[in-house]
>>> print(open('query-v7.cif').read())   # mmCIF, C-alpha atoms
data_final
#
loop_
_atom_site.label_atom_id
_atom_site.label_comp_id
_atom_site.auth_asym_id
_atom_site.auth_seq_id
_atom_site.Cartn_x
_atom_site.Cartn_y
_atom_site.Cartn_z
CA THR A 13 -25.19 9.99 1.92
CA GLY A 14 -22.66 8.22 4.09
CA GLY A 15 -21.94 5.40 1.64
CA PRO A 16 -18.52 4.05 0.77
CA GLN A 17 -18.22 6.33 -2.23
CA ASP A 18 -18.13 9.27 0.18
CA ALA A 19 -15.18 7.92 2.13
CA GLY A 20 -12.08 10.02 2.15
CA GLY A 21 -13.92 13.25 1.53
CA GLY A 22 -13.82 14.21 5.18
CA GLY A 23 -10.96 12.00 6.25
CA GLU A 24 -7.28 11.68 5.72
CA ALA A 25 -5.63 11.35 2.33
CA ALA A 26 -4.34 7.87 1.61
CA GLU A 27 -0.58 7.64 1.28
CA PRO A 28 1.46 6.00 -1.44
CA ALA A 29 2.41 2.47 -0.45
CA ALA A 30 6.08 1.85 0.14
CA GLY A 31 7.81 -0.99 -1.63
CA CYS A 32 6.63 -0.63 -5.22
CA PRO A 33 8.73 0.84 -8.05
CA GLU A 34 5.77 0.80 -10.41
CA ARG A 35 4.25 3.56 -8.34
CA ALA A 36 6.46 5.85 -10.37
CA GLN A 37 4.38 5.59 -13.51
CA ARG A 38 0.64 6.28 -13.01
CA GLY A 39 -1.29 9.46 -13.44
CA GLY A 40 -2.87 11.15 -10.42
CA ALA A 41 -1.43 11.79 -6.99
CA ALA A 42 1.62 9.79 -7.93
CA ARG A 43 3.42 10.10 -11.22
CA GLY A 44 3.91 7.46 -13.82
CA ARG A 45 2.54 3.78 -13.56
CA SER A 46 1.42 3.48 -9.86
CA GLY A 47 1.05 7.22 -10.16
CA ARG A 48 2.66 7.02 -13.53
CA GLY A 49 2.37 9.40 -16.35
CA GLY A 50 4.04 7.03 -18.76
CA ARG A 51 5.16 3.47 -19.30
CA SER A 52 7.63 1.70 -17.06
CA ARG A 53 11.31 1.88 -17.85
CA GLY A 54 12.08 -1.83 -18.05
CA ASN A 55 12.31 -4.21 -15.10
CA HIS A 56 9.01 -2.79 -13.84
CA GLY A 57 10.03 0.84 -13.95
CA ARG A 58 13.10 0.59 -11.74
CA SER A 59 15.67 3.34 -11.70
CA ARG A 60 18.52 2.58 -9.31
CA ALA A 61 19.22 5.53 -7.04
CA ARG A 62 22.92 4.95 -6.35
CA GLY A 63 23.59 8.35 -4.73
CA THR A 64 26.28 9.21 -2.24
CA ASP A 65 26.09 11.43 0.79
CA ARG A 66 27.40 14.46 -1.10
CA HIS A 67 25.74 17.28 -3.06
CA GLY A 68 22.74 17.56 -0.75
CA ARG A 69 21.52 14.03 -1.21
CA LEU A 70 19.41 12.62 1.61
CA VAL A 71 21.16 9.80 3.44
CA ASP A 72 20.50 7.70 6.50
CA HIS A 73 22.72 4.94 7.83
CA HIS A 74 20.82 2.29 5.87
CA ALA A 75 19.37 3.82 2.71
CA VAL A 76 20.72 6.25 0.14
CA VAL A 77 18.36 8.40 -1.87
CA GLY A 78 20.20 10.23 -4.60
CA GLU A 79 19.32 13.27 -6.65
CA ASP A 80 18.54 10.89 -9.52
CA ARG A 81 16.06 9.03 -7.31
CA ALA A 82 13.06 7.26 -8.77
CA ASP A 83 9.83 8.81 -7.60
CA LEU A 84 7.63 5.89 -6.49
CA GLY A 85 4.65 7.79 -5.14
CA ARG A 86 3.36 11.04 -3.70
CA GLY A 87 0.80 11.52 -0.95
CA GLY A 88 -0.59 14.14 1.38
CA PHE A 89 1.85 13.33 4.18
CA ALA A 90 4.79 11.61 2.51
CA ASP A 91 6.58 10.74 -0.72
CA VAL A 92 8.18 7.38 -1.54
CA PHE A 93 11.48 7.08 -3.41
CA GLU A 94 13.70 4.25 -4.51
CA GLY A 95 17.01 3.93 -2.68
CA ARG A 96 19.63 1.37 -1.73
CA HIS A 97 20.61 -0.29 1.52
CA ARG A 98 24.15 0.99 1.99
CA THR A 99 25.48 -2.09 3.77
CA LEU A 100 23.68 -4.88 1.91
CA ASP A 101 23.59 -3.06 -1.44
CA ILE A 102 19.97 -4.01 -2.11
CA PRO A 103 17.15 -1.78 -3.37
CA VAL A 104 14.74 -0.37 -0.82
CA ALA A 105 11.69 1.89 -0.88
CA VAL A 106 12.20 4.99 1.27
CA LYS A 107 9.13 6.80 2.62
CA LEU A 108 9.98 10.40 3.44
CA LEU A 109 7.58 12.48 5.50
CA HIS A 110 6.99 15.94 4.07
CA GLY A 111 8.65 18.72 6.00
CA ARG A 112 5.26 20.44 6.35
CA SER A 113 3.80 17.24 7.79
CA HIS A 114 5.94 17.39 10.90
CA ASP A 115 3.23 19.01 12.94
CA ALA A 116 1.93 17.05 15.90
CA HIS A 117 -0.66 15.18 13.81
CA GLY A 118 1.59 14.32 10.86
CA LEU A 119 4.48 13.10 12.98
CA SER A 120 2.19 11.15 15.30
CA ARG A 121 0.58 9.39 12.35
CA ALA A 122 3.94 8.48 10.81
CA LEU A 123 5.29 7.21 14.12
CA ASP A 124 2.14 5.15 14.61
CA GLU A 125 2.71 3.50 11.23
CA ALA A 126 6.35 2.72 12.07
CA ARG A 127 5.51 1.29 15.49
CA ILE A 128 2.63 -0.81 14.19
CA MET A 129 4.69 -2.26 11.35
CA ALA A 130 7.61 -2.95 13.69
CA ARG A 131 5.28 -5.14 15.79
CA LEU A 132 3.92 -7.11 12.84
CA ASP A 133 6.05 -10.07 11.82
CA HIS A 134 4.46 -12.10 9.02
CA PRO A 135 5.59 -13.25 5.53
CA ASN A 136 2.69 -11.35 3.97
CA VAL A 137 3.21 -8.02 5.76
CA LEU A 138 5.79 -5.65 4.28
CA ARG A 139 8.54 -5.49 6.87
CA LEU A 140 9.90 -2.20 8.12
CA LYS A 141 13.68 -2.24 7.61
CA ASN A 142 14.54 1.03 9.26
CA ALA A 143 13.05 4.17 10.79
CA ASP A 144 15.15 7.25 11.40
CA VAL A 145 14.92 11.02 11.66
CA ILE A 146 17.18 12.85 9.22
CA ASP A 147 17.38 16.63 9.23
CA GLY A 148 14.22 16.63 11.30
CA ARG A 149 12.26 14.47 8.84
CA LEU A 150 11.08 10.95 9.62
CA THR A 151 12.29 8.39 7.07
CA LEU A 152 11.00 4.81 6.77
CA ALA A 153 12.73 2.13 4.67
CA TYR A 154 11.00 -0.99 3.29
CA PRO A 155 11.88 -3.84 0.91
CA LEU A 156 11.38 -2.87 -2.72
CA GLY A 157 8.88 -5.06 -4.56
CA GLU A 158 8.36 -5.54 -8.28
CA ARG A 159 4.89 -4.07 -8.63
CA SER A 160 1.61 -3.54 -6.83
CA LEU A 161 -1.45 -5.73 -7.22
CA GLN A 162 -3.10 -2.70 -8.84
CA ASP A 163 -0.49 -2.85 -11.61
CA ARG A 164 -0.84 -6.62 -11.97
CA MET A 165 -4.62 -6.33 -12.30
CA ARG A 166 -4.19 -4.50 -15.61
CA HIS A 167 -3.50 -7.93 -17.11
CA ARG A 168 -5.57 -11.07 -16.91
CA MET A 169 -4.71 -13.40 -14.03
CA SER A 170 -5.54 -17.08 -13.70
CA LEU A 171 -8.00 -18.19 -11.04
CA ASP A 172 -5.17 -19.86 -9.12
CA LYS A 173 -3.11 -16.68 -9.19
CA VAL A 174 -6.00 -14.53 -7.91
CA LEU A 175 -6.84 -16.98 -5.14
CA GLY A 176 -3.17 -17.24 -4.19
CA TYR A 177 -2.89 -13.50 -3.77
CA GLY A 178 -6.21 -13.48 -1.93
CA ARG A 179 -5.04 -16.12 0.56
CA GLN A 180 -1.88 -14.15 1.26
CA LEU A 181 -3.81 -10.92 1.75
CA LEU A 182 -6.22 -12.59 4.18
CA ALA A 183 -3.31 -14.18 6.05
CA ALA A 184 -1.75 -10.72 6.48
CA LEU A 185 -5.03 -9.29 7.73
CA ALA A 186 -5.56 -12.20 10.12
CA HIS A 187 -2.10 -11.58 11.58
CA ALA A 188 -2.82 -7.87 12.02
CA HIS A 189 -6.29 -8.46 13.46
CA GLU A 190 -4.94 -10.97 15.98
CA ARG A 191 -2.78 -8.12 17.23
CA ARG A 192 -5.77 -5.77 17.29
CA VAL A 193 -4.59 -3.73 14.29
CA ILE A 194 -7.20 -2.59 11.75
CA HIS A 195 -5.58 -1.54 8.47
CA CYS A 196 -8.37 0.80 7.25
CA ASP A 197 -6.97 1.19 3.71
CA VAL A 198 -6.95 -2.26 2.09
CA LYS A 199 -6.75 -1.77 -1.68
CA PRO A 200 -4.73 -3.21 -4.61
CA ASP A 201 -2.21 -0.34 -4.45
CA ASN A 202 -1.26 -1.42 -0.94
CA VAL A 203 -0.54 -5.05 -1.86
CA ILE A 204 3.07 -5.29 -3.03
CA LEU A 205 4.15 -8.23 -5.20
CA PHE A 206 7.61 -9.77 -5.29
CA ALA A 207 9.38 -11.92 -7.89
CA ASP A 208 8.87 -15.15 -5.93
CA GLY A 209 5.07 -14.81 -6.03
CA VAL A 210 4.83 -13.43 -2.50
CA ALA A 211 2.27 -10.69 -1.83
CA GLN A 212 2.77 -8.35 1.11
CA LEU A 213 0.35 -5.87 2.65
CA SER A 214 1.84 -2.41 3.05
CA ASP A 215 0.99 1.11 4.21
CA PHE A 216 -0.42 1.03 7.72
CA GLY A 217 -0.52 4.83 7.76
CA LEU A 218 -4.27 4.86 8.45
CA ALA A 219 -4.22 1.79 10.71
CA LYS A 220 -6.03 1.83 14.03
CA GLN A 221 -5.46 -0.24 17.18
CA SER A 222 -8.68 -1.56 18.69
CA LEU A 223 -10.40 -4.50 20.35
CA GLY A 224 -13.55 -4.08 18.27
CA THR A 225 -15.49 -1.40 16.38
CA LEU A 226 -14.02 2.09 16.49
CA GLN A 227 -15.51 5.54 16.44
CA ALA A 228 -13.08 7.08 13.98
CA SER A 229 -12.89 9.77 11.35
CA CYS A 230 -13.90 8.71 7.85
CA SER A 231 -10.77 7.57 6.02
CA GLY A 232 -9.75 5.09 3.38
CA THR A 233 -9.89 4.93 -0.40
CA VAL A 234 -13.04 5.52 -2.40
CA GLY A 235 -14.29 2.30 -3.96
CA TYR A 236 -12.74 -0.07 -1.41
CA VAL A 237 -14.25 1.25 1.82
CA ALA A 238 -16.81 -0.84 3.71
CA PRO A 239 -20.11 0.94 4.44
CA GLU A 240 -19.56 1.05 8.21
CA GLN A 241 -16.05 2.45 7.72
CA ALA A 242 -17.44 5.18 5.47
CA MET A 243 -19.77 6.08 8.33
CA GLY A 244 -16.90 6.33 10.79
CA ARG A 245 -17.16 2.90 12.47
CA PRO A 246 -14.34 0.73 11.08
CA SER A 247 -13.65 -2.73 12.44
CA ALA A 248 -11.62 -5.77 11.40
CA ARG A 249 -14.62 -6.80 9.30
CA SER A 250 -14.15 -3.61 7.27
CA ASP A 251 -10.71 -4.83 6.15
CA VAL A 252 -12.16 -8.21 5.15
CA PHE A 253 -14.91 -6.45 3.17
CA SER A 254 -12.27 -4.44 1.29
CA ALA A 255 -10.30 -7.63 0.57
CA GLY A 256 -13.48 -9.17 -0.83
CA LEU A 257 -13.87 -6.22 -3.19
CA ILE A 258 -10.29 -6.74 -4.39
CA LEU A 259 -10.98 -10.42 -5.13
CA TYR A 260 -14.26 -9.59 -6.86
CA ARG A 261 -12.60 -7.03 -9.11
CA SER A 262 -9.73 -9.40 -9.89
CA LEU A 263 -12.15 -12.10 -11.07
CA ALA A 264 -15.06 -10.08 -12.48
CA GLY A 265 -13.01 -7.32 -14.05
CA VAL A 266 -15.09 -4.54 -12.48
CA LEU A 267 -15.28 -2.94 -9.04
CA PRO A 268 -18.79 -3.07 -7.55
CA GLU A 269 -20.26 0.27 -6.55
CA TRP A 270 -22.33 1.33 -3.57
CA PRO A 271 -25.12 0.44 -2.74
CA TYR A 272 -24.07 -3.06 -3.92
CA ARG A 273 -27.38 -4.26 -5.33
CA TRP A 274 -27.38 -7.91 -6.34
CA PRO A 275 -26.53 -9.13 -8.90
CA LEU A 276 -23.44 -6.98 -8.96
CA GLU A 277 -21.94 -5.77 -12.22
CA GLY A 278 -19.64 -8.48 -13.58
CA HIS A 279 -21.50 -11.27 -11.75
CA GLY A 280 -21.88 -13.31 -14.95
CA ARG A 281 -18.15 -13.22 -15.66
CA LEU A 282 -17.41 -14.16 -12.07
CA ARG A 283 -19.64 -17.24 -12.30
CA ARG A 284 -17.98 -18.32 -15.53
CA ARG A 285 -14.50 -18.00 -14.06
CA ALA A 286 -15.10 -19.37 -10.58
#
>>> encode(input="query-v7.cif", output="structure tokens")
Amino acid sequence: TGGPQDAGGGGEAAEPAAGCPERAQRGGAARGRSGRGGRSRGNHGRSRARGTDRHGRLVDHHAVVGEDRADLGRGGFADVFEGRHRTLDIPVAVKLLHGRSHDAHGLSRALDEARIMARLDHPNVLRLKNADVIDGRLTLAYPLGERSLQDRMRHRMSLDKVLGYGRQLLAALAHAHERRVIHCDVKPDNVILFADGVAQLSDFGLAKQSLGTLQASCSGTVGYVAPEQAMGRPSARSDVFSAGLILYRSLAGVLPEWPYRWPLEGHGRLRRRA
């Protein structure tokens, strides 16, 4: 007991990452491909939500989420929809906290995410565009990417491409760790890819602020949680461990399983590729 495969059972549910339209098409907690129940609808599943502020549509002074909104992801505390920046007329991902999540814990967690992301300023960290409270519900707006790394991993990637994404992910983590922020949910779904080849780390909803190892509740995503994090003691090293699992899966084609006995499954393929 207590291994990484147990993580999340007694902790907090991971949230859908903002910034990825493909989250609208995978099966599971989210619908469609990144939560999708079907294939993407062209241009990586985008559906432009060009709503107005009439007919009960949710609006803030930056983003418009119409009734015809694209559902990008669903989680225990929040849903993510596609919207548009009203002034710049560019697509954005809008993370909307559930009405039932506005208890002290839910609101505190969402505000923590917004404040942490507002302090992080790095090319490989998804930048918070706006945070506002609308009709009593906290709304966060982020740039809208093309797809998540999880979606990209469904297709073969070159060694250079994998290493490029890996370098960007580690650069994002280094930036966060230098500011004493531990992400605690590093996984392919939370790495958002853009058309110019840039990868950005998203979803700091489970992030913790610490100088070192924390005593914290078990949280994260099964399969990508470091052993010490699964046992309630996450540290910056836990994020690096999770990033290593992402790189391993990208190159070996399989995700190693606890208790990580060497040689890991897929080791032969990894040696041939790298």
>>> residues_around(input="query-v7.cif", residues="A:Ile194", least_positions_apart="5", cutoff="8 Å", atoms="all atoms listed in the file", output="number ranges by chain")
A: 188-189, 219-222, 246-248, 251
>>> resolve_selection(input="query-v7.cif", expression="the PyMOL selection byres ((chain A and resi 135) around 9)", output="VMD selection string")
chain A and resid 133 to 134 136 to 139 180 183 to 184 210 to 212
>>> closest_residue(input="query-v7.cif", among="A:Gly95, A:Gly157, A:Pro271, A:Gly217", to="A:Leu109", atoms="all atoms listed in the file")
A:Gly217
>>> resolve_selection(input="query-v7.cif", expression="the PyMOL selection byres ((chain A and resi 197) around 8)", output="list in words")
Ala26, His195, Cys196, Val198, Lys199, Asn202, Asp215, Phe216, Leu218, Ala219, Ser231, Gly232, Thr233, Tyr236, Val237 and Asp251 of chain A
>>> atom_distance(input="query-v7.cif", atom1="atom CA of A:Arg285", atom2="atom CA of A:Ile204")
24.3 Å
>>> atom_distance(input="query-v7.cif", atom1="atom CA of A:Asp147", atom2="atom CA of A:Leu108")
11.3 Å
>>> closest_residue(input="query-v7.cif", among="A:Met169, A:Leu156, A:Ala105, A:Leu119", to="A:Ser262", atoms="only C-alpha atoms")
A:Met169
>>> residues_around(input="query-v7.cif", residues="A:Asp91", least_positions_apart="3", cutoff="6 Å", atoms="all atoms listed in the file", output="list in words")
Gly85, Arg86, Gly87, Lys107 and Leu108 of chain A
>>> resolve_selection(input="query-v7.cif", expression="the PyMOL selection byres ((chain A and resi 153) around 6)", output="ChimeraX atom specification")
/A:105-106,141-142,152,154
>>> closest_residue(input="query-v7.cif", among="A:Gly178, A:Asp201, A:Asp163, A:His187", to="A:Leu263", atoms="only C-alpha atoms")
A:Gly178
>>> atom_distance(input="query-v7.cif", atom1="atom CA of A:Leu205", atom2="atom CA of A:Ser160")
5.6 Å
>>> closest_residue(input="query-v7.cif", among="A:Ala242, A:Cys32, A:Leu181, A:Ala126", to="A:Trp270", atoms="only C-alpha atoms")
A:Ala242
